[in-house]
Amino acid sequence: MNVIETVELTKKYGQFVANDRISIAIPQGQITAIVGENGAGKTTLMNMFYGLLRPTSGTLIVKGQEVQFSSPLEAIGLGLGMVHQHFKLVPSLTVFENIVLGAEINRELRLFNRLKVKSPLIDGKREREAVQALIDSHKLDLDADEPVKNLSIGEKQRVEILKMLYRSADILIFDEPTSSLTPQEVDELLVSFNELKKQGKTIIFITHKLREVMAASDQVIVLKRGRVVGSMPTSATSPEEIARLMVGRDVLLTVEKEETADLESQPVLYEVRNLATEVAPGVKFPRGISFAIRAGEILGIAGVEGNGQSELVKVLSGLMEAVEGTVLLEGQDITNKWPDELRRAGVGIIPEDRYAQGLCGEMSVTDNLVSGRLDQKGFCRCGLLRREAINRYRDELVAKYDIRLADADCKAGELSGGNAQKVIIAREFDAEPKVLIACQPTRGVDIGSIEFIHNRILEFKRKGRAVLLVSSELSEVMSLSDRILVMYKGEIVGEVDGRTARSEEIGLLMAGITSKQPVPTGGDRA
Amino acid sequence: MNMLHSILYDLVYHSTPLILAVLGGLFAYQANVLNIGLEGMMLMGAFSSSLFVLLTGSLWQGILLSILCTLALGLVFSLFSVTLKSNFIITGFGINLFASAFSSFILKYMRLANINVSLVVDVPALKIHIPVLADIPILGSLLSGHTPITYLSLLLILVVHVVLYKTKLGVYVRVVGENEEAARAVGINSAKIKYLAILIGALFCALAGANLSTERMALFTSNMTAGRGFIAIAAIYCGKAVPVRTTLYAVLFGLAKSLAINLGLVAGPISGLFETVPYLAIVLVLFAVSAVETKNTRLRGFGHE
Amino acid sequence: MKRKMHLMSLLNVVIPVAAALAVGALVILAIGEDPLYTYKILIQRSLFTYRGFLKTLHFASPLILTGLAIAITFKANVFNMGVEGQAVLGAFFAGVVGFTVKGLAPGWHVLLCLLTGVVTGLLFALIPALLKAYFKVDEMVVTLMLNYVVMEVVKFLSQGVFRDPASGYVSTYAVAESAMFKKLFDTDLTAFFFLALGVFLVMLVVFMRSKLGYEITAIGRNPEFAEAAGMRVSRKIVIIMLISGAISGLAGAGFLMSEKYRFTLDFSGNPGLGWDGMLIALLGNHNPVGILIAAILYAALKTGSEYIGLFTSVPKDIVGVIQSVIILFLSVRFLAAHTALWERLQSLFTALRTARTSTGQRTDTP
């Protein structure tokens with residue numbers, strides 16, 4: 001029995017087709033994986049299943065009836081539940097308040113010992129008890145009274161799952177559920193998928209990680225640019241085939257890492273000593289950060305998001321003030337310098353959030369390419385911009401970095417993730433910095449561009465510069481870095497050799513499990 | 001002693017419209033739709049209540065019609081800012097200017113310098129004197145001798161607190177403001193909640209305006225709100241839209257006004273400058289609140305909302 | 001692509017103005033007057049006669065300046081609501097210098113007064129500028145509050161120290177002749193208009209081709225990006241506010257010296273030079289050329305409204321009503337393809353169509 005069926009389901013935004021005549025079937029009681037590159041249309045499709053988006057055309061059939069959801073309430077009523085990639089929880093409310101959100105229980109008043117009247121006030125006690133009962137029955141280990149903002153990512157995910165179970169959902173949709181988990185937590189999640197499947201639930205999960213697809217799913221559906229390009233039982237396919245379907249050509253799944261010449265003899269280019277900043281008065285997070293990067297070295301920082309990496313990068317980019325510690329570039333103190341000073345000193349930055357910090361979406365690509373560099377290369381004279389020089393520069397960079405533009409003047413926000421990232425890379429690389437800080441450089445980027453970006457980073461390293469790579473994609477960190485530091489709860493808890501480390505080892509460190517030995521900081525100087 | 005009595009009485013007198021405006025306005029702030037149009041809505045409340053009292057000859061009919069009128073204005077604001085997704089700061093200003101221009105227009109059309117309804121509304125008779133409370137030496141002037149809407153506003157402080165924290169509506173308003181996506185993902189109609197938040201504000205502003213013009217003075221003059229709506233917004237900022245805290249800020253600003261007027265009586269010609277005290281007080285309070293926040297953050301630059 | 005954008009921008013202005021005129025027409029009808037006649041007087045007297053047109057340009061002068069003052073800050077997402085107060089304060093102190101300083105040659109006196117206005121406006125804008133840039137205090141509320149402070153202060157000063165006992169209503173002394181802008185060609189036009197035009201040209205260059213203009217756009221669109229790119233946003237915000245204050249002060253000073261000559265309590269008019277400036281900046285989409293055109297059209301409304309009172313019994317405030325409705329409609333960008341609204345309308349149409357076919361009725365194309 002198919003619990004969901006779609007017939008030519010389509011979603012258009014003006015001219016842009018996000019989902020193109022999709023016809024698939026989700027069998028009941030099984031785990032289905034929906035795979036595709038970033039931008040393939042997976043989330044759009046799931047949002048239509050869940051009633052958050054209305055289809056432009058086509059039919060959606062849930063449990064045998066044709067439906068047209070006008071809001072998630074209707075989808076919930078039919079047993080659908082969804083855990084989004086970015087959790088939809090309210091930080092200031094407690095666990096149970098988040099779980100019953102939208103389905104609160106009102107207090108009842110007894111009138112004359114006979115009539116039960118619903119009062120407009122909420123009955124917090126009954127809600128908490130109901131939720132606690134659910135937590136206990138599923139053995140999910142949560143404190144119903146804890147405010148959600150204090151929970152870890154794994155715990156938050158469990159709250160989201162409980163939200164679905166509270167509403168008796170039996171079709172559970174997960175959108176990129178493992179993007180912020182340690183390898184161990186990923187395994188635990190896949191185990192709980194099986195548990196839920198045993199209870200008769202149907203599971204759909206979106207991912208771009210092929211290992212999880214092979215390990216957990218019964219069926220795979222591959223989307224590419226809004227269309228279904230493959231739908232088969234997992235047992236009948238392989239990661240290579242799926243990757244080929246996703247991209248349309250053979251893909252190199254790992255980067256060739258070359259042997260780097262003796263690093264120990266190279267000079268230290270970029271050094272950080274005991275760096276700390278505060279996220280609240282008196283709360284130092286991250287703290288005690290120390291490392292050194294030699295010329296020609298890529299230092300990777302691994303760790304689950306939210307363990308201080310963002311704050312560290314912000315401090316190193318001049319966007320946050322350090323309260324302790326120093327930063328040295330070629331021996332010169334650049335602690336707490338502002339972004340323009342850092343650029344002049346030779347620091348290149350690929351920021352974590354390209355749309356918030358790296359680009360101005362509403363300005364043209366041309367203007368973005370020269371941002372922060374207007375006092376160089378004759379772009380500006382007496383405070384006035386020289387358009388010809390700027391345009392020539394843009395043409396140069398577009399060719400050199402293979403940036404695909406619809407027309408020369410289009411806005412940065414109209415570019416695909418990969419192209420937008422290339423604009424930032426073009427801008428930063430072309431300034432010939434001495435050290436590059438790359439934060440989540442390939443997040444949300446198509447596979448072709450990922451290859452390009454990784455190759456550029458390696459080329460940069462080969463020129464004898466230093467690279468700090470901060471990424472929550474463990475495979476990326478492992479394939480590119482010479483050394484890897486792991487951050488947990490704002491501190492560096494371990495260092496491993498980039499060439500020989502295994503993901504289990506790093507995974508333990510990411511979860512905060514360290515050996516008793518003191519943690520060596522990189523680049524020990526005699 | 002008379003001065004003290006006067007200051008305390010005026011404290012309640014001047015705080016009431018502010019308290020009502022902040023209680024209503026904080027719903028919109030909690031739902032993340034800042035209602036800049038509070039000034040215009042209060043002015044519309046003041047204008048329409050006097051106008052309708054004049055036209056109908058009855059106090060309660062006048063106030064009722066005025067509430068409907070102000071709700072209509074609030075509906076316009078909601079339509080533009082929620083459904084049409086406008087820049088609500090500019091929409092709010094449009095509402096304010098509209099209320100001001102429209103009231104002046106009608107006044108000129110009716111060839112009146114102001115609307116005087118003292119024939120219908122007997123101001124002294126409206127004041128409620130509570131026998132026992134009135135006799136308490138100092139607090140007496142705080143507690144007794146005020147208009148019905150004034151007492152209503154004190155009651156509403158409690159009501160708003162309960163609604164915001166203990167009912168579904170309050171929870172939904174706060175959730176829509178804190179994380180609209182989370183609200184929509186569980187099926188809450190965030191647009192409807194925002195409309196309700198704005199309309200509650202409009203309702204309270206109608207009462208505030210009615211208190212300001214009809215109840216207290218039986219008079220409406222052009223632009224008589226004189227920035228009270230913006231003072232309310234400042235109080236909401238400072239109190240972070242938490243009902244009791246915000247009301248305290250509103251009372252603080254009311255105190256500044258009361259002091260300004262009363263001390264001005266003895267100070268002579270400089271009294272004009274005393275009028276600036278409430279506005280300067282707000283700037284100082286905003287500065288103090290923001291300075292503390294800024295000191296505590298290590299983030300540089302703007303854009304971190 | 002660019003032509004489509006320009007067309008959309010144009011329609012984004014035309015639709016609100018048309019809608020506001022329609023609402024105004026309704027109001028005029030409601031009080032029993034003829035809207036077409038009223039509008040005809042409004043436009044004819046102000047734009048299509050020689051004297052009327054020059055009078056319009058004359059009134060447009062301060063508005064061009066306040067419009068630019070608003071635009072430069074709004075474009076950076078800084079809401080300087082204090083343009084009104086800065087203009088009034090600038091005008092007041094320019095006036096003081098105008099009637100207290102004696103014995104200067106006309107050219108120098110005018111220059112001195114204008115400079116006073118500029119510096120006053122600039123210094124007054126410094127307060128909210130520093131508060132916003134370094135303490136993140138919301139500039140909108142602060143500038144609004146300071147407006148009211150300015151009103152009280154100038155009221156106090158013009159009733160007291162600087163009062164002209166010879167005048168029947170509250171007013172300061174008139175500025176000396178050497179501080180007045182001379183009327184040209186026996187019309188209302190003065191050199192102030194050309195000064196305003198000059199400032200317009202400078203701002204045009206700044207907005208379109210200067211580094212500062214680039215930074216203003218970046219800060220307005222994405223302040224986090226601007227900071228990450230090294231633009232030192234705090235410093236720039238102060239600079240932007242100071243320029244805005246300076247231009248506002250100039251607007252007020254020039255208006256005093258070319259039209260009013262003495263400071264009275266209704267100096268700024270109704271609703272005020274600053275608020276008119278806001279409408280003009282919005283109409284002009286914060287673009288200098290748009291502001292120039294909008295200022296002239298708006299001044300035409302103002303000029304024309306003087307005549308409405310003479311020829312009809314429609315109160316002048318109808319212009320204020322129209323103005324506020326324009327602002328309301330301008331706050332929504334109708335043709336930025338409101339896809340949500342459009343989609344809903346479309347699905348409503350398809351629903352209606354399928355409903356009609358399913359009940360067996362003829363499906364006429366509407």
# chains A, B, ... in the order shown; residues from 1 in each chain; ligands from 1
$ closest_atom_pairs --of "chain B" --to "chain A" --cutoff "7 Å" --atoms "only C-alpha atoms" --output "JSON lines"
{"residue": "B:Lys166", "atom": "CA", "partner": "A:Leu121", "partner_atom": "CA", "distance": 5.5}
{"residue": "B:Thr167", "atom": "CA", "partner": "A:Leu121", "partner_atom": "CA", "distance": 4.7}
{"residue": "B:Lys168", "atom": "CA", "partner": "A:Ile122", "partner_atom": "CA", "distance": 6.7}
{"residue": "B:Val175", "atom": "CA", "partner": "A:Val90", "partner_atom": "CA", "distance": 6.6}
{"residue": "B:Glu178", "atom": "CA", "partner": "A:Val90", "partner_atom": "CA", "distance": 6.7}
{"residue": "B:Asn179", "atom": "CA", "partner": "A:Val90", "partner_atom": "CA", "distance": 6.1}
{"residue": "B:Glu181", "atom": "CA", "partner": "A:Lys88", "partner_atom": "CA", "distance": 6.1}
{"residue": "B:Ala182", "atom": "CA", "partner": "A:Lys88", "partner_atom": "CA", "distance": 4.1}
{"residue": "B:Ala185", "atom": "CA", "partner": "A:Pro72", "partner_atom": "CA", "distance": 6.3}
{"residue": "B:Val186", "atom": "CA", "partner": "A:Gly102", "partner_atom": "CA", "distance": 5.9}
{"residue": "B:Gly187", "atom": "CA", "partner": "A:Leu73", "partner_atom": "CA", "distance": 4.5}
{"residue": "B:Ile188", "atom": "CA", "partner": "A:Gly102", "partner_atom": "CA", "distance": 6.3}
{"residue": "B:Asn296", "atom": "CA", "partner": "A:Pro281", "partner_atom": "CA", "distance": 5.5}
{"residue": "B:Thr297", "atom": "CA", "partner": "A:Ala280", "partner_atom": "CA", "distance": 6.7}
{"residue": "B:Arg298", "atom": "CA", "partner": "A:Glu321", "partner_atom": "CA", "distance": 5.1}
{"residue": "B:Leu299", "atom": "CA", "partner": "A:Met320", "partner_atom": "CA", "distance": 4.4}
{"residue": "B:Arg300", "atom": "CA", "partner": "A:Leu319", "partner_atom": "CA", "distance": 5.2}
$ write_last_selection --atoms "C-alpha atoms" --output "PDB file, in the first residue's frame"
ATOM      1  CA  LYS B 166      -1.564  32.067  30.192  1.00  0.00           C
ATOM      2  CA  THR B 167      -3.786  31.843  27.149  1.00  0.00           C
ATOM      3  CA  LYS B 168      -3.395  30.375  23.699  1.00  0.00           C
ATOM      4  CA  VAL B 175       5.706  32.478  19.288  1.00  0.00           C
ATOM      5  CA  GLU B 178       9.991  34.819  18.323  1.00  0.00           C
ATOM      6  CA  ASN B 179       9.983  32.255  15.530  1.00  0.00           C
ATOM      7  CA  GLU B 181       8.432  29.561  11.045  1.00  0.00           C
ATOM      8  CA  ALA B 182       7.905  27.411  14.121  1.00  0.00           C
ATOM      9  CA  ALA B 185       4.991  24.623  10.988  1.00  0.00           C
ATOM     10  CA  VAL B 186       2.418  23.578  13.596  1.00  0.00           C
ATOM     11  CA  GLY B 187      -0.395  25.148  11.686  1.00  0.00           C
ATOM     12  CA  ILE B 188      -0.774  28.471  13.504  1.00  0.00           C
ATOM     13  CA  ASN B 296      27.615  43.342  27.039  1.00  0.00           C
ATOM     14  CA  THR B 297      28.055  42.261  23.474  1.00  0.00           C
ATOM     15  CA  ARG B 298      31.313  41.499  21.773  1.00  0.00           C
ATOM     16  CA  LEU B 299      29.779  41.640  18.320  1.00  0.00           C
ATOM     17  CA  ARG B 300      30.873  44.470  16.127  1.00  0.00           C
TER      18      ARG B 300
END
$ residues_around --residues "region 36-48 of chain C" --least-positions-apart "3" --cutoff "6 Å" --atoms "only C-alpha atoms" --output "list in words"
Gly52, Phe53, Ala300, Thr303, Gly304 and Ser305 of chain C
$ closest_atom_pairs --of "chain A" --to "chain C" --cutoff "6 Å" --atoms "only C-alpha atoms" --output "tab-separated table"
residue	atom	partner	partner_atom	distance
A:Pro339	CA	C:Gly230	CA	4.5
A:Asp340	CA	C:Gly230	CA	4.0
A:Ala356	CA	C:Phe225	CA	6.0
A:Gln357	CA	C:Phe225	CA	4.1
A:Gly358	CA	C:Phe225	CA	5.9
A:Cys360	CA	C:Asn222	CA	5.9
A:Gly372	CA	C:Ala229	CA	4.7
A:Gly383	CA	C:Lys211	CA	5.4
A:Leu384	CA	C:Ser210	CA	4.1
A:Leu385	CA	C:Ser210	CA	5.4
$ select_by_dssp --residues "region 281-514 of chain A" --states "strand (DSSP E or B)" --output "PyMOL selection string"
chain A and resi 283-284+289-294+298-302+320+324-329+332-333+347-350+364+380-381+384-385+411+435-439+466-470+483-488+491-497
$ closest_atom_pairs --of "chain C" --to "chain B" --cutoff "6 Å" --atoms "only C-alpha atoms" --output "tab-separated table"
residue	atom	partner	partner_atom	distance
C:Phe135	CA	B:Ala291	CA	5.3
C:Val137	CA	B:Ser290	CA	5.5
C:Val142	CA	B:Val283	CA	5.7
C:Met145	CA	B:Tyr279	CA	5.3
C:Val149	CA	B:Thr276	CA	5.1
C:Phe156	CA	B:Gly272	CA	5.9
C:Pro223	CA	B:Gly303	CA	5.3
C:Glu224	CA	B:Gly303	CA	5.0
C:Glu227	CA	B:Gly301	CA	5.9
C:Asp317	CA	B:Phe105	CA	5.0
C:Gly320	CA	B:Ala101	CA	5.1
C:Val321	CA	B:Ala101	CA	5.2
C:Ser324	CA	B:Phe98	CA	4.9
C:Ile327	CA	B:Gly94	CA	5.1
C:Leu328	CA	B:Gly94	CA	4.9
C:Ser331	CA	B:Ser86	CA	5.2
C:Val332	CA	B:Ser86	CA	4.3
$ write_last_selection --atoms "N, CA and C atoms" --output "compact mmCIF listing (two decimals), in the first residue's frame"
# COMPACT_ATOMS: atom_id res chain seq x y z
N PHE C 135 26.23 53.25 20.41
CA PHE C 135 25.45 52.61 21.46
C PHE C 135 24.22 51.89 20.93
N VAL C 137 21.53 52.90 19.89
CA VAL C 137 20.24 53.43 20.29
C VAL C 137 19.40 53.68 19.05
N VAL C 142 14.73 58.48 19.04
CA VAL C 142 15.51 59.59 19.59
C VAL C 142 15.29 60.86 18.77
N MET C 145 11.86 62.31 19.41
CA MET C 145 11.78 62.99 20.69
C MET C 145 12.50 64.33 20.63
N VAL C 149 11.64 68.36 21.49
CA VAL C 149 12.48 69.23 22.32
C VAL C 149 12.77 70.53 21.58
N PHE C 156 10.15 78.67 23.34
CA PHE C 156 10.61 79.43 24.50
C PHE C 156 11.45 80.63 24.08
N PRO C 223 23.90 45.44 6.29
CA PRO C 223 24.90 46.05 7.15
C PRO C 223 25.95 45.07 7.65
N GLU C 224 25.57 43.81 7.81
CA GLU C 224 26.55 42.84 8.30
C GLU C 224 27.63 42.64 7.24
N GLU C 227 30.01 45.64 7.12
CA GLU C 227 31.03 45.59 8.17
C GLU C 227 32.08 44.56 7.84
N ASP C 317 -6.25 71.27 4.14
CA ASP C 317 -5.70 70.01 4.66
C ASP C 317 -5.97 68.83 3.76
N GLY C 320 -2.88 67.43 2.83
CA GLY C 320 -2.27 66.56 3.83
C GLY C 320 -2.87 65.16 3.80
N VAL C 321 -4.18 65.09 3.56
CA VAL C 321 -4.82 63.78 3.47
C VAL C 321 -4.26 63.00 2.29
N SER C 324 -0.75 61.75 3.00
CA SER C 324 -0.63 60.58 3.87
C SER C 324 -1.04 59.31 3.15
N ILE C 327 1.82 58.16 1.07
CA ILE C 327 2.82 57.47 1.90
C ILE C 327 2.38 56.04 2.18
N LEU C 328 1.09 55.88 2.52
CA LEU C 328 0.58 54.54 2.80
C LEU C 328 0.81 53.61 1.61
N SER C 331 4.35 52.59 0.84
CA SER C 331 5.03 51.65 1.73
C SER C 331 4.93 50.23 1.23
N VAL C 332 4.06 50.02 0.25
CA VAL C 332 3.92 48.68 -0.33
C VAL C 332 4.50 48.72 -1.73
$ decode --residues "region 219-253 of chain B" --atoms "N, CA and C atoms" --output "PDB file, in the first residue's frame"
ATOM      1  N   LEU B 219     -12.690  67.892  25.434  1.00  0.00           N
ATOM      2  CA  LEU B 219     -12.220  68.826  24.406  1.00  0.00           C
ATOM      3  C   LEU B 219     -11.280  68.097  23.465  1.00  0.00           C
ATOM      4  N   PHE B 220     -11.352  68.443  22.185  1.00  0.00           N
ATOM      5  CA  PHE B 220     -10.338  67.938  21.265  1.00  0.00           C
ATOM      6  C   PHE B 220      -9.689  69.111  20.552  1.00  0.00           C
ATOM      7  N   THR B 221      -8.363  69.177  20.606  1.00  0.00           N
ATOM      8  CA  THR B 221      -7.662  70.186  19.806  1.00  0.00           C
ATOM      9  C   THR B 221      -6.726  69.472  18.835  1.00  0.00           C
ATOM     10  N   SER B 222      -6.352  70.213  17.818  1.00  0.00           N
ATOM     11  CA  SER B 222      -5.513  69.612  16.779  1.00  0.00           C
ATOM     12  C   SER B 222      -4.235  68.992  17.327  1.00  0.00           C
ATOM     13  N   ASN B 223      -3.949  67.786  16.887  1.00  0.00           N
ATOM     14  CA  ASN B 223      -2.694  67.130  17.260  1.00  0.00           C
ATOM     15  C   ASN B 223      -2.452  67.095  18.750  1.00  0.00           C
ATOM     16  N   MET B 224      -3.519  66.866  19.529  1.00  0.00           N
ATOM     17  CA  MET B 224      -3.351  66.944  20.970  1.00  0.00           C
ATOM     18  C   MET B 224      -2.557  65.782  21.564  1.00  0.00           C
ATOM     19  N   THR B 225      -2.310  64.739  20.774  1.00  0.00           N
ATOM     20  CA  THR B 225      -1.566  63.631  21.349  1.00  0.00           C
ATOM     21  C   THR B 225      -0.093  63.995  21.556  1.00  0.00           C
ATOM     22  N   ALA B 226       0.389  64.977  20.794  1.00  0.00           N
ATOM     23  CA  ALA B 226       1.722  65.546  21.019  1.00  0.00           C
ATOM     24  C   ALA B 226       2.806  64.500  21.266  1.00  0.00           C
ATOM     25  N   GLY B 227       2.827  63.466  20.484  1.00  0.00           N
ATOM     26  CA  GLY B 227       3.932  62.530  20.599  1.00  0.00           C
ATOM     27  C   GLY B 227       3.750  61.432  21.624  1.00  0.00           C
ATOM     28  N   ARG B 228       2.584  61.344  22.273  1.00  0.00           N
ATOM     29  CA  ARG B 228       2.397  60.310  23.291  1.00  0.00           C
ATOM     30  C   ARG B 228       2.530  58.917  22.702  1.00  0.00           C
ATOM     31  N   GLY B 229       2.081  58.773  21.466  1.00  0.00           N
ATOM     32  CA  GLY B 229       2.207  57.461  20.832  1.00  0.00           C
ATOM     33  C   GLY B 229       3.667  57.043  20.738  1.00  0.00           C
ATOM     34  N   PHE B 230       4.544  57.973  20.406  1.00  0.00           N
ATOM     35  CA  PHE B 230       5.958  57.650  20.300  1.00  0.00           C
ATOM     36  C   PHE B 230       6.579  57.422  21.655  1.00  0.00           C
ATOM     37  N   ILE B 231       6.082  58.158  22.663  1.00  0.00           N
ATOM     38  CA  ILE B 231       6.548  57.909  24.022  1.00  0.00           C
ATOM     39  C   ILE B 231       6.175  56.486  24.419  1.00  0.00           C
ATOM     40  N   ALA B 232       4.975  56.064  24.002  1.00  0.00           N
ATOM     41  CA  ALA B 232       4.565  54.689  24.303  1.00  0.00           C
ATOM     42  C   ALA B 232       5.512  53.701  23.632  1.00  0.00           C
ATOM     43  N   ILE B 233       5.874  53.980  22.385  1.00  0.00           N
ATOM     44  CA  ILE B 233       6.790  53.088  21.682  1.00  0.00           C
ATOM     45  C   ILE B 233       8.131  53.023  22.405  1.00  0.00           C
ATOM     46  N   ALA B 234       8.596  54.185  22.868  1.00  0.00           N
ATOM     47  CA  ALA B 234       9.861  54.203  23.605  1.00  0.00           C
ATOM     48  C   ALA B 234       9.755  53.343  24.865  1.00  0.00           C
ATOM     49  N   ALA B 235       8.602  53.454  25.553  1.00  0.00           N
ATOM     50  CA  ALA B 235       8.415  52.658  26.773  1.00  0.00           C
ATOM     51  C   ALA B 235       8.423  51.169  26.443  1.00  0.00           C
ATOM     52  N   ILE B 236       7.814  50.804  25.316  1.00  0.00           N
ATOM     53  CA  ILE B 236       7.779  49.391  24.933  1.00  0.00           C
ATOM     54  C   ILE B 236       9.183  48.887  24.633  1.00  0.00           C
ATOM     55  N   TYR B 237       9.989  49.692  23.947  1.00  0.00           N
ATOM     56  CA  TYR B 237      11.380  49.325  23.703  1.00  0.00           C
ATOM     57  C   TYR B 237      12.108  49.066  25.006  1.00  0.00           C
ATOM     58  N   CYS B 238      11.960  50.043  25.926  1.00  0.00           N
ATOM     59  CA  CYS B 238      12.714  49.946  27.170  1.00  0.00           C
ATOM     60  C   CYS B 238      12.259  48.745  27.986  1.00  0.00           C
ATOM     61  N   GLY B 239      10.967  48.492  27.986  1.00  0.00           N
ATOM     62  CA  GLY B 239      10.442  47.408  28.805  1.00  0.00           C
ATOM     63  C   GLY B 239      10.399  46.090  28.070  1.00  0.00           C
ATOM     64  N   LYS B 240      10.915  46.073  26.835  1.00  0.00           N
ATOM     65  CA  LYS B 240      10.955  44.856  26.044  1.00  0.00           C
ATOM     66  C   LYS B 240       9.594  44.187  25.949  1.00  0.00           C
ATOM     67  N   ALA B 241       8.536  44.975  25.952  1.00  0.00           N
ATOM     68  CA  ALA B 241       7.175  44.469  25.766  1.00  0.00           C
ATOM     69  C   ALA B 241       6.736  43.480  26.843  1.00  0.00           C
ATOM     70  N   VAL B 242       7.410  43.468  27.979  1.00  0.00           N
ATOM     71  CA  VAL B 242       6.901  42.676  29.097  1.00  0.00           C
ATOM     72  C   VAL B 242       5.902  43.560  29.832  1.00  0.00           C
ATOM     73  N   PRO B 243       4.648  43.110  29.996  1.00  0.00           N
ATOM     74  CA  PRO B 243       3.570  44.008  30.456  1.00  0.00           C
ATOM     75  C   PRO B 243       3.914  44.844  31.688  1.00  0.00           C
ATOM     76  N   VAL B 244       4.272  44.190  32.782  1.00  0.00           N
ATOM     77  CA  VAL B 244       4.443  44.973  34.010  1.00  0.00           C
ATOM     78  C   VAL B 244       5.619  45.937  33.879  1.00  0.00           C
ATOM     79  N   ARG B 245       6.728  45.433  33.322  1.00  0.00           N
ATOM     80  CA  ARG B 245       7.903  46.291  33.189  1.00  0.00           C
ATOM     81  C   ARG B 245       7.630  47.484  32.279  1.00  0.00           C
ATOM     82  N   THR B 246       6.939  47.217  31.181  1.00  0.00           N
ATOM     83  CA  THR B 246       6.647  48.301  30.243  1.00  0.00           C
ATOM     84  C   THR B 246       5.724  49.328  30.884  1.00  0.00           C
ATOM     85  N   THR B 247       4.743  48.846  31.648  1.00  0.00           N
ATOM     86  CA  THR B 247       3.850  49.792  32.312  1.00  0.00           C
ATOM     87  C   THR B 247       4.631  50.683  33.263  1.00  0.00           C
ATOM     88  N   LEU B 248       5.624  50.095  33.941  1.00  0.00           N
ATOM     89  CA  LEU B 248       6.421  50.915  34.847  1.00  0.00           C
ATOM     90  C   LEU B 248       7.136  52.028  34.099  1.00  0.00           C
ATOM     91  N   TYR B 249       7.668  51.698  32.912  1.00  0.00           N
ATOM     92  CA  TYR B 249       8.317  52.747  32.124  1.00  0.00           C
ATOM     93  C   TYR B 249       7.309  53.809  31.714  1.00  0.00           C
ATOM     94  N   ALA B 250       6.096  53.358  31.352  1.00  0.00           N
ATOM     95  CA  ALA B 250       5.067  54.328  30.973  1.00  0.00           C
ATOM     96  C   ALA B 250       4.767  55.253  32.140  1.00  0.00           C
ATOM     97  N   VAL B 251       4.669  54.677  33.323  1.00  0.00           N
ATOM     98  CA  VAL B 251       4.402  55.494  34.506  1.00  0.00           C
ATOM     99  C   VAL B 251       5.572  56.450  34.759  1.00  0.00           C
ATOM    100  N   LEU B 252       6.770  55.958  34.531  1.00  0.00           N
ATOM    101  CA  LEU B 252       7.955  56.818  34.710  1.00  0.00           C
ATOM    102  C   LEU B 252       7.855  58.051  33.818  1.00  0.00           C
ATOM    103  N   PHE B 253       7.484  57.812  32.553  1.00  0.00           N
ATOM    104  CA  PHE B 253       7.383  58.950  31.648  1.00  0.00           C
ATOM    105  C   PHE B 253       6.211  59.848  32.026  1.00  0.00           C
TER     106      PHE B 253
END
